[in-house]
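Text of run-v6.cif (mmCIF, C-alpha atoms) as supplied:
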```
data_protein
loop_
_atom_site.label_atom_id
_atom_site.label_comp_id
_atom_site.auth_asym_id
_atom_site.auth_seq_id
_atom_site.Cartn_x
_atom_site.Cartn_y
_atom_site.Cartn_z
CA MET Y 20 -216.48 -70.04 99.19
CA LYS Y 21 -214.65 -72.99 100.72
CA LYS Y 22 -216.07 -74.92 103.65
CA LEU Y 23 -214.23 -73.88 106.79
CA LYS Y 24 -212.60 -76.36 109.12
CA SER Y 25 -211.66 -76.05 112.77
CA GLU Y 26 -209.03 -77.67 114.97
CA VAL Y 27 -208.63 -77.42 118.73
CA SER Y 28 -205.47 -78.39 120.58
CA GLU Y 29 -203.82 -77.77 123.93
CA ILE Y 30 -200.26 -76.45 123.80
CA ASP Y 31 -198.30 -75.66 126.96
CA GLY Y 32 -201.52 -75.35 128.93
CA VAL Y 33 -203.14 -73.06 126.35
CA ILE Y 34 -206.18 -74.04 124.26
CA ARG Y 35 -205.71 -73.03 120.62
CA PHE Y 36 -208.74 -72.59 118.37
CA LYS Y 37 -207.46 -72.84 114.80
CA ILE Y 38 -210.22 -72.05 112.29
CA ASP Y 39 -209.96 -71.61 108.53
CA ILE Y 40 -210.62 -68.34 106.75
CA PRO Y 41 -211.16 -67.95 102.98
CA TRP Y 42 -208.02 -65.81 102.41
CA ASP Y 43 -204.33 -66.27 101.72
CA VAL Y 44 -203.39 -66.46 105.42
CA LYS Y 45 -205.38 -69.75 105.60
CA PHE Y 46 -206.56 -69.62 109.22
CA VAL Y 47 -206.93 -67.54 112.39
CA CYS Y 48 -205.95 -68.72 115.85
CA ILE Y 49 -207.40 -67.46 119.10
CA TYR Y 50 -206.31 -68.70 122.52
CA LEU Y 51 -207.97 -69.53 125.84
CA PHE Y 52 -206.08 -70.18 129.06
CA GLU Y 53 -206.50 -69.92 132.82
CA ILE Y 54 -204.65 -67.85 135.39
CA ASP Y 55 -205.56 -68.64 138.99
CA GLY Y 56 -208.94 -69.98 137.87
CA VAL Y 57 -209.66 -66.96 135.64
CA LYS Y 58 -210.30 -67.71 131.95
CA VAL Y 59 -208.62 -65.34 129.48
CA LEU Y 60 -209.37 -65.26 125.74
CA ILE Y 61 -206.85 -63.66 123.40
CA ASP Y 62 -208.59 -62.11 120.36
CA ALA Y 63 -212.15 -62.57 119.14
CA GLY Y 64 -211.81 -64.07 115.69
CA LEU Y 65 -213.94 -63.40 112.65
CA ASN Y 66 -217.63 -62.55 112.39
CA PHE Y 67 -218.34 -64.83 109.43
CA ILE Y 68 -221.28 -67.17 110.00
CA ASP Y 69 -219.24 -70.38 109.63
CA TRP Y 70 -216.30 -69.05 111.64
CA SER Y 71 -218.56 -67.94 114.49
CA ARG Y 72 -220.53 -71.20 114.44
CA LEU Y 73 -217.37 -73.32 114.53
CA PHE Y 74 -215.85 -71.37 117.41
CA PHE Y 75 -218.93 -71.62 119.63
CA LEU Y 76 -219.33 -75.28 118.69
CA GLU Y 77 -215.74 -76.01 119.72
CA LEU Y 78 -216.33 -74.18 123.01
CA LYS Y 79 -219.38 -76.38 123.62
CA ASN Y 80 -217.38 -79.51 122.82
CA LEU Y 81 -214.93 -78.46 125.54
CA LYS Y 82 -217.88 -77.94 127.91
CA ILE Y 83 -217.02 -74.25 128.15
CA GLU Y 84 -219.77 -71.64 127.96
CA PRO Y 85 -219.23 -68.03 126.86
CA LYS Y 86 -220.30 -67.01 130.37
CA ASP Y 87 -217.22 -68.86 131.69
CA ILE Y 88 -214.83 -66.45 129.89
CA ASP Y 89 -213.71 -63.71 132.27
CA TYR Y 90 -211.48 -61.62 129.97
CA CYS Y 91 -211.17 -61.06 126.24
CA ILE Y 92 -208.03 -59.12 125.25
CA VAL Y 93 -207.93 -57.85 121.66
CA SER Y 94 -204.54 -57.58 119.96
CA HIS Y 95 -205.55 -55.09 117.24
CA ALA Y 96 -208.42 -53.65 115.20
CA HIS Y 97 -208.39 -55.87 112.11
CA MET Y 98 -211.61 -57.70 111.35
CA ASP Y 99 -210.23 -61.21 111.93
CA HIS Y 100 -209.29 -60.30 115.51
CA VAL Y 101 -212.33 -58.38 116.78
CA GLY Y 102 -215.17 -60.04 114.89
CA LEU Y 103 -216.99 -61.67 117.81
CA ILE Y 104 -216.63 -58.96 120.48
CA GLN Y 105 -220.31 -58.00 120.26
CA LYS Y 106 -221.52 -61.61 120.31
CA LEU Y 107 -219.29 -62.49 123.25
CA LYS Y 108 -220.53 -59.50 125.25
CA ARG Y 109 -224.16 -60.34 124.46
CA LYS Y 110 -223.64 -63.92 125.59
CA ASN Y 111 -221.64 -62.81 128.64
CA PRO Y 112 -222.16 -59.19 129.73
CA GLU Y 113 -219.84 -59.80 132.70
CA MET Y 114 -216.87 -60.59 130.48
CA GLN Y 115 -214.21 -57.87 130.60
CA LEU Y 116 -213.26 -56.63 127.12
CA LEU Y 117 -209.81 -55.01 126.92
CA MET Y 118 -208.01 -53.25 124.05
CA HIS Y 119 -205.48 -50.49 123.37
CA GLU Y 120 -206.86 -46.97 123.12
CA ILE Y 121 -205.86 -46.71 119.44
CA THR Y 122 -207.76 -49.92 118.68
CA ASN Y 123 -210.79 -48.62 120.55
CA GLU Y 124 -210.69 -45.25 118.79
CA THR Y 125 -210.14 -46.87 115.37
CA ILE Y 126 -213.14 -49.20 115.58
CA LYS Y 127 -215.37 -46.58 117.19
CA TRP Y 128 -214.46 -44.00 114.54
CA SER Y 129 -215.01 -46.29 111.56
CA ASP Y 130 -218.31 -47.74 112.84
CA ASP Y 131 -219.94 -44.34 113.36
CA GLU Y 132 -221.75 -43.16 110.22
CA ASN Y 133 -221.34 -39.57 111.40
CA ASN Y 134 -217.66 -39.97 110.60
CA ASP Y 135 -218.15 -41.20 107.02
CA GLN Y 136 -217.02 -37.95 105.41
CA GLU Y 137 -214.06 -37.68 107.76
CA MET Y 138 -213.08 -41.26 106.88
CA LYS Y 139 -213.38 -40.50 103.19
CA ASN Y 140 -211.22 -37.39 103.57
CA ALA Y 141 -208.55 -39.44 105.36
CA ALA Y 142 -208.67 -42.06 102.59
CA ILE Y 143 -208.43 -39.40 99.88
CA GLU Y 144 -205.38 -37.93 101.65
CA VAL Y 145 -203.67 -41.34 101.61
CA ALA Y 146 -204.65 -41.94 97.96
CA GLU Y 147 -203.34 -38.55 96.83
CA GLN Y 148 -200.05 -39.24 98.55
CA MET Y 149 -199.83 -42.68 96.93
CA ILE Y 150 -200.43 -41.11 93.50
CA ARG Y 151 -197.46 -38.85 94.19
CA TYR Y 152 -195.52 -42.00 95.09
CA GLY Y 153 -196.19 -43.36 91.62
CA ILE Y 154 -199.51 -45.21 91.34
CA SER Y 155 -202.19 -44.24 88.81
CA GLU Y 156 -205.19 -42.08 89.61
CA GLN Y 157 -207.42 -45.10 88.95
CA HIS Y 158 -205.57 -47.08 91.59
CA GLY Y 159 -205.92 -44.07 93.88
CA LYS Y 160 -209.70 -44.27 93.54
CA ARG Y 161 -209.58 -47.94 94.48
CA ILE Y 162 -207.57 -47.10 97.60
CA VAL Y 163 -210.32 -44.70 98.67
CA GLN Y 164 -212.90 -47.44 98.15
CA PHE Y 165 -210.80 -49.90 100.15
CA PHE Y 166 -210.21 -47.60 103.11
CA THR Y 167 -213.86 -46.52 103.31
CA SER Y 168 -215.49 -49.94 102.89
CA TRP Y 169 -213.37 -52.52 104.73
CA PRO Y 170 -213.40 -50.77 108.15
CA LYS Y 171 -217.20 -50.85 108.04
CA LEU Y 172 -217.09 -54.63 108.35
CA THR Y 173 -215.91 -54.24 111.96
CA LYS Y 174 -218.58 -53.38 114.53
CA TYR Y 175 -217.86 -51.41 117.67
CA GLN Y 176 -218.22 -52.74 121.18
CA LYS Y 177 -217.26 -50.46 124.04
CA PRO Y 178 -214.37 -52.00 126.00
CA ASP Y 179 -214.46 -52.37 129.77
CA ARG Y 180 -210.86 -51.28 130.02
CA ILE Y 181 -208.59 -49.25 127.77
CA LEU Y 182 -205.00 -50.46 127.73
CA LYS Y 183 -201.75 -48.60 127.25
CA ASP Y 184 -198.15 -49.65 126.96
CA GLY Y 185 -196.75 -51.16 130.15
CA ASP Y 186 -200.11 -51.89 131.78
CA GLU Y 187 -200.35 -54.98 133.93
CA ILE Y 188 -203.33 -57.19 134.72
CA PRO Y 189 -202.63 -58.75 138.13
CA PHE Y 190 -203.92 -62.08 139.36
CA GLU Y 191 -203.38 -63.95 142.61
CA THR Y 192 -200.04 -65.55 141.71
CA ASN Y 193 -199.33 -64.23 138.22
CA LYS Y 194 -199.85 -61.25 135.92
CA LEU Y 195 -200.23 -60.29 132.27
CA LYS Y 196 -198.08 -57.52 130.81
CA ILE Y 197 -199.22 -55.37 127.90
CA ILE Y 198 -196.62 -54.41 125.30
CA TRP Y 199 -197.67 -51.82 122.71
CA THR Y 200 -196.24 -53.05 119.41
CA PRO Y 201 -197.22 -50.72 116.53
CA GLY Y 202 -196.28 -51.82 113.03
CA HIS Y 203 -198.86 -54.12 111.50
CA SER Y 204 -201.50 -51.95 113.17
CA LEU Y 205 -201.02 -48.72 115.11
CA GLY Y 206 -202.86 -50.03 118.17
CA HIS Y 207 -201.35 -53.51 118.13
CA ILE Y 208 -200.46 -55.05 121.49
CA CYS Y 209 -198.81 -58.28 122.57
CA VAL Y 210 -199.75 -59.95 125.85
CA TYR Y 211 -197.04 -61.53 128.01
CA GLU Y 212 -197.97 -64.05 130.69
CA GLU Y 213 -195.10 -63.62 133.08
CA LYS Y 214 -195.02 -66.78 135.21
CA ASN Y 215 -194.92 -69.26 132.31
CA ARG Y 216 -193.12 -66.85 129.91
CA ARG Y 217 -195.84 -67.20 127.27
CA LEU Y 218 -196.26 -64.43 124.70
CA PHE Y 219 -199.45 -63.94 122.68
CA SER Y 220 -198.20 -62.02 119.67
CA GLY Y 221 -201.26 -61.41 117.48
CA ASP Y 222 -199.87 -60.52 114.05
CA HIS Y 223 -196.70 -58.91 115.40
CA ILE Y 224 -194.50 -62.03 115.28
CA LEU Y 225 -195.39 -64.90 112.94
CA SER Y 226 -193.56 -68.18 112.42
CA ARG Y 227 -192.85 -68.08 108.67
CA ILE Y 228 -193.58 -64.63 107.25
CA THR Y 229 -193.26 -61.08 108.48
CA PRO Y 230 -196.43 -59.04 109.00
CA HIS Y 231 -197.30 -56.23 106.65
CA ILE Y 232 -195.92 -52.87 107.82
CA GLY Y 233 -197.40 -49.80 106.20
CA VAL Y 234 -199.61 -46.73 105.99
CA PHE Y 235 -202.93 -46.40 107.80
CA THR Y 236 -205.97 -44.17 107.75
CA VAL Y 237 -206.62 -42.97 111.29
CA SER Y 238 -208.95 -40.58 113.03
CA PRO Y 239 -207.73 -37.00 113.55
CA ALA Y 240 -207.66 -37.62 117.31
CA ILE Y 241 -205.26 -40.56 116.96
CA LYS Y 242 -203.20 -38.79 114.29
CA ASN Y 243 -202.66 -35.82 116.61
CA LYS Y 244 -201.86 -37.91 119.70
CA TYR Y 245 -199.69 -40.51 117.96
CA PRO Y 246 -197.85 -38.77 115.07
CA MET Y 247 -195.81 -41.82 114.09
CA ASN Y 248 -194.03 -41.19 110.81
CA ASN Y 249 -191.49 -44.04 110.97
CA ILE Y 250 -193.63 -47.11 111.55
CA LEU Y 251 -190.90 -49.64 110.71
CA GLY Y 252 -188.70 -48.04 113.35
CA TYR Y 253 -191.41 -48.57 115.97
CA TYR Y 254 -191.89 -52.15 114.82
CA LEU Y 255 -188.20 -53.05 115.08
CA GLU Y 256 -187.89 -51.33 118.46
CA SER Y 257 -190.81 -53.33 119.84
CA LEU Y 258 -189.18 -56.58 118.64
CA ASP Y 259 -186.19 -55.73 120.84
CA ARG Y 260 -188.46 -55.04 123.80
CA ILE Y 261 -190.11 -58.43 123.42
CA ASP Y 262 -186.75 -60.16 123.03
CA LYS Y 263 -185.65 -58.69 126.38
CA LEU Y 264 -188.68 -60.33 128.05
CA ASP Y 265 -187.15 -63.67 127.03
CA PRO Y 266 -190.40 -65.56 126.27
CA LYS Y 267 -190.08 -69.33 126.02
CA ILE Y 268 -193.00 -69.74 123.60
CA ILE Y 269 -194.97 -67.45 121.27
CA PHE Y 270 -198.60 -67.99 120.29
CA PRO Y 271 -199.30 -66.07 117.03
CA ALA Y 272 -202.68 -65.39 115.45
CA HIS Y 273 -201.65 -67.13 112.21
CA GLN Y 274 -199.25 -69.92 111.29
CA GLU Y 275 -197.45 -72.15 113.81
CA VAL Y 276 -196.59 -71.76 117.48
CA ILE Y 277 -193.02 -70.49 117.89
CA TYR Y 278 -190.75 -72.49 120.23
CA ASN Y 279 -187.57 -70.51 119.51
CA PRO Y 280 -188.63 -66.88 120.12
CA HIS Y 281 -185.14 -65.35 120.22
CA GLU Y 282 -184.06 -67.00 116.98
CA ARG Y 283 -187.31 -66.04 115.26
CA ILE Y 284 -186.98 -62.40 116.33
CA LEU Y 285 -183.41 -62.32 115.02
CA ALA Y 286 -184.60 -63.80 111.71
CA ILE Y 287 -187.31 -61.15 111.34
CA LYS Y 288 -184.81 -58.38 112.04
CA GLU Y 289 -182.40 -59.88 109.51
CA HIS Y 290 -185.21 -60.03 106.94
CA HIS Y 291 -185.89 -56.31 107.32
CA LYS Y 292 -182.16 -55.52 107.24
CA ASN Y 293 -181.88 -57.35 103.92
CA ARG Y 294 -184.96 -55.61 102.53
CA LEU Y 295 -183.56 -52.22 103.56
CA ASN Y 296 -180.30 -53.01 101.75
CA ASP Y 297 -182.11 -54.26 98.64
CA ILE Y 298 -184.24 -51.12 98.45
CA PHE Y 299 -181.20 -48.90 99.05
CA ASN Y 300 -179.29 -50.67 96.28
CA ALA Y 301 -182.23 -50.29 93.86
CA ILE Y 302 -181.85 -46.49 93.96
CA GLN Y 303 -178.05 -46.28 93.91
CA ASP Y 304 -177.88 -45.33 90.25
CA LYS Y 305 -180.97 -43.16 89.82
CA PRO Y 306 -183.95 -41.87 91.83
CA LEU Y 307 -187.16 -43.89 91.58
CA THR Y 308 -190.71 -43.60 92.85
CA PRO Y 309 -191.68 -45.96 95.69
CA PHE Y 310 -194.13 -47.65 93.31
CA LYS Y 311 -191.39 -48.39 90.79
CA ILE Y 312 -189.17 -49.70 93.59
CA SER Y 313 -192.00 -51.97 94.74
CA GLN Y 314 -192.30 -53.39 91.20
CA ILE Y 315 -188.56 -54.10 91.15
CA HIS Y 316 -188.65 -55.66 94.61
CA PHE Y 317 -191.93 -57.61 94.49
CA GLY Y 318 -192.61 -57.93 90.75
CA GLU Y 319 -195.21 -56.42 88.42
CA ASP Y 320 -197.74 -59.28 88.29
CA LEU Y 321 -199.47 -58.55 91.61
CA ASN Y 322 -203.22 -58.16 91.99
CA GLU Y 323 -204.55 -54.78 93.07
CA ILE Y 324 -204.54 -55.31 96.84
CA ASN Y 325 -201.10 -56.94 96.88
CA MET Y 326 -199.76 -54.16 94.66
CA PHE Y 327 -200.86 -51.63 97.28
CA LEU Y 328 -199.44 -53.73 100.14
CA ALA Y 329 -196.12 -54.02 98.28
CA LEU Y 330 -195.98 -50.24 97.83
CA ASN Y 331 -196.81 -49.76 101.51
CA GLU Y 332 -194.08 -52.17 102.57
CA VAL Y 333 -191.46 -50.46 100.40
CA LEU Y 334 -192.55 -47.03 101.60
CA SER Y 335 -192.16 -47.98 105.28
CA HIS Y 336 -188.59 -49.08 104.52
CA LEU Y 337 -187.81 -45.94 102.52
CA ILE Y 338 -189.02 -43.77 105.39
CA TYR Y 339 -186.86 -45.76 107.80
CA LEU Y 340 -183.84 -45.19 105.52
CA GLU Y 341 -184.76 -41.53 105.29
CA HIS Y 342 -184.76 -41.21 109.10
CA ASP Y 343 -181.42 -43.02 109.09
CA GLY Y 344 -179.97 -40.43 106.70
CA ARG Y 345 -179.36 -42.94 103.90
CA VAL Y 346 -181.90 -41.71 101.33
CA LYS Y 347 -183.51 -38.43 100.36
CA ARG Y 348 -186.71 -37.35 98.61
CA ILE Y 349 -186.79 -35.57 95.27
CA GLU Y 350 -189.90 -33.92 93.82
CA GLN Y 351 -190.15 -34.18 90.05
CA ASP Y 352 -193.18 -33.52 87.82
CA GLY Y 353 -195.61 -33.84 90.69
CA LYS Y 354 -194.11 -37.17 91.82
CA ILE Y 355 -191.94 -38.05 94.83
CA LEU Y 356 -188.80 -40.05 94.10
CA PHE Y 357 -186.21 -41.43 96.50
CA SER Y 358 -182.48 -41.35 95.92
CA ALA Y 359 -179.63 -43.05 97.78
CA ILE Y 360 -177.19 -40.83 99.66
CA THR Y 361 -173.71 -42.17 99.02
#
```

Is it possible to express this structure as C-alpha cells?
Amino acid sequence: MKKLKSEVSEIDGVIRFKIDIPWDVKFVCIYLFEIDGVKVLIDAGLNFIDWSRLFFLELKNLKIEPKDIDYCIVSHAHMDHVGLIQKLKRKNPEMQLLMHEITNETIKWSDDENNDQEMKNAAIEVAEQMIRYGISEQHGKRIVQFFTSWPKLTKYQKPDRILKDGDEIPFETNKLKIIWTPGHSLGHICVYEEKNRRLFSGDHILSRITPHIGVFTVSPAIKNKYPMNNILGYYLESLDRIDKLDPKIIFPAHQEVIYNPHERILAIKEHHKNRLNDIFNAIQDKPLTPFKISQIHFGEDLNEINMFLALNEVLSHLIYLEHDGRVKRIEQDGKILFSAIT
C-alpha cells in the first residue's frame, strides 16, 4: 500500500485538508472554517491508520485541538466521509455531529449485527435484479458479497442532530443551509454557507468527473419512506436547486475547488444529456439488456467493481428515459431488455 501524503491550504477563508487514499480517486478533502467564532468541520474522512494520523497531525500543526471543533457535518454515508466520527466524538464529546436521516439510518442499520440477515436479503434482491439485467450468476454472488461486507467498514456514531432538506443552522451573523442532494448516495447533502456563498458539495459536484449515480441497498424503513425509483432525476433536479443558490465557490470532497459553479453545473448536465442520448441511440435498432448497453458504452475490459458501477450508471439513465417515455422494458427469457420508443 502506498505511503499517504497530506496537504493543508487555506482557500477563501476555508482550511482544506487534502489527504491521499489508496484508490482511484487519489485523495479525500475535508474542510474546516469558522462562522462567528464557531468552528465547523465538513465530513470526517477515512478511518485508515495513516489517514487518521495525518489528519490529527495536521490539526496539531495548525494549533487546533479536536476539542476546538464545534460542529461536524457529514455529507453522506460512504466510508471516506464518516470514518473518524467515533474518534472525533471520543476526543470531543461536546462536538455536535450532524447528518441526514437517511445517512444516520444507513450507518446504524449496517453496523448492527442483528440486521445481518436483513442486509443479506437486500443484497440478494439487488443481485437477482442485476442478473435479470444481464450479468452472470457468478457476478451476482459477488454483488451480494460487496453489499454485505463494505458497509461493515463504517462504524455507527449517534448524531446529535438529524438533518432534513431545507434545514438551517443559524449563527450570530450568518447561517448554513442544508440541501438534500440524492444521487451518489440517497442521504447525500450539500452545505451552503450563505454570507460568503460557499458551497460544500461532498461528492455531489466534482471538478472533473461526475459522481457515480446508481442502485443502493437500503433498510426497509428507508425504502418505505423514500421510494425513489428515478435517482438520476433527483440528482439533476438538485443540481438546478444548487444553481439557483448562485454559489461563488464550491468545495468538493475530491478533486479541485470549483471557481465557476454555474459553468460546472451546466457541464455536468450536458454530460448526462449526452449519455442519455448515447444510451437511447444504442437501442434504436434492437432491444438490449442494461449490461450489454454498459459494455457498448463503457467497454468490456473493466474489472469487476467497475463493471458493476458501469451497469449501475447505465441503469439509472435507462430508468430516467423510461420515466421520460422514451424507452420501454421487454421481458425475454428471464431477462429484462430496454427498447427505444420512436

Residues at most 10 Å from Phe52 (chain Y), counting all atoms listed in the file, excluding those fewer than 4 positions away in the same chain, as an MDAnalysis selection string? chainID Y and resid 29 31:35 56:61 88

- Message: Going by the chain IDs and residue numbers used in this file, which residues fall under the PyMOL selection byres ((chain Y and resi 195) around 8)? Write them as an MDAnalysis selection string.
- Response: chainID Y and resid 187:189 193:194 196:197 210:213

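Using the PyMOL selection byres ((chain Y and resi 66) around 10) on this structure selects Ala63, Gly64, Leu65, Phe67, Ile68, Asp69, Trp70, Ser71, Arg72, Met98, Asp99, His100, Val101, Gly102, Leu103, Ile104, Gln105, Lys106, Leu172, Thr173 and Lys174 of chain Y.
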
Could you save the residues just selected, with C-alpha atoms, as a compact mmCIF listing (two decimals), in the coordinates of the input?
```
# COMPACT_ATOMS: atom_id res chain seq x y z
CA ALA Y 63 -212.15 -62.57 119.14
CA GLY Y 64 -211.81 -64.07 115.69
CA LEU Y 65 -213.94 -63.40 112.65
CA PHE Y 67 -218.34 -64.83 109.43
CA ILE Y 68 -221.28 -67.17 110.00
CA ASP Y 69 -219.24 -70.38 109.63
CA TRP Y 70 -216.30 -69.05 111.64
CA SER Y 71 -218.56 -67.94 114.49
CA ARG Y 72 -220.53 -71.20 114.44
CA MET Y 98 -211.61 -57.70 111.35
CA ASP Y 99 -210.23 -61.21 111.93
CA HIS Y 100 -209.29 -60.30 115.51
CA VAL Y 101 -212.33 -58.38 116.78
CA GLY Y 102 -215.17 -60.04 114.89
CA LEU Y 103 -216.99 -61.67 117.81
CA ILE Y 104 -216.63 -58.96 120.48
CA GLN Y 105 -220.31 -58.00 120.26
CA LYS Y 106 -221.52 -61.61 120.31
CA LEU Y 172 -217.09 -54.63 108.35
CA THR Y 173 -215.91 -54.24 111.96
CA LYS Y 174 -218.58 -53.38 114.53
```

Taken to one decimal, the CA of Pro239 (chain Y)-CA of Asn140 (chain Y) distance is 10.6 Å

Run the PyMOL selection byres ((chain Y and resi 112) around 12) mentally over the shown coordinates, then write out the matched residues as a PyMOL selection string, using the chain letters and numbers from the document. chain Y and resi 85-91+104-111+113-116+176-179

* In the coordinate frame of the file, compute which residues have an atom within 7 Å of (-180.8, -38.1, 98.9) when using all atoms listed in the file, and state them as number ranges by chain. => Y: 346-348, 357-360

Residues within 6 Å of Asp62 (chain Y), all atoms listed in the file, excluding chain neighbours under 6 positions, as JSON, numbers by chain | {"Y": [49, 92, 93, 100]}

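Across Y:Gln314, Y:Leu81, Y:His342, Y:Ile54, the tightest approach to Lys214 (chain Y) is made by Y:Ile54 when counting all atoms listed in the file.
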
Pick out the residues sitting within 8 Å of Leu182 (chain Y), and hand them over as a ChimeraX atom specification; count all atoms listed in the file, and ignore anything fewer than 5 positions along from it in its own chain. /Y:117-120,197

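With CA of Val237 (chain Y) on one side and CA of Tyr253 (chain Y) on the other, the separation reads 16.9 Å.
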
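Picture a line from CA of Leu295 (chain Y) to CA of Leu340 (chain Y); it runs 7.3 Å.
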
When you look at Trp199 (chain Y) with a cut-off of 7 Å (counting all atoms listed in the file), what residues show up, excluding the ones that are within fewer than 3 positions of it in the same chain? I need them as a ChimeraX atom specification. /Y:183-184,207-209

Please dump the current selection as a CSV table (one decimal), in the coordinates of the input; keep C-alpha atoms.
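Okay, this is what ended up in result-v6.csv:
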```
chain,number,residue,atom,x,y,z
Y,183,LYS,CA,-201.8,-48.6,127.2
Y,184,ASP,CA,-198.2,-49.6,127.0
Y,207,HIS,CA,-201.4,-53.5,118.1
Y,208,ILE,CA,-200.5,-55.0,121.5
Y,209,CYS,CA,-198.8,-58.3,122.6
```

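Among the candidates Y:Asn331, Y:Thr192, Y:Ser226, Y:Ile269, the one nearest to Leu251 (chain Y) when counting all atoms listed in the file is Y:Asn331.
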
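Counting all atoms listed in the file, the residue from Y:Phe219, Y:Phe190, Y:Tyr50, Y:Phe235 that sits nearest to Asn248 (chain Y) is Y:Phe235.
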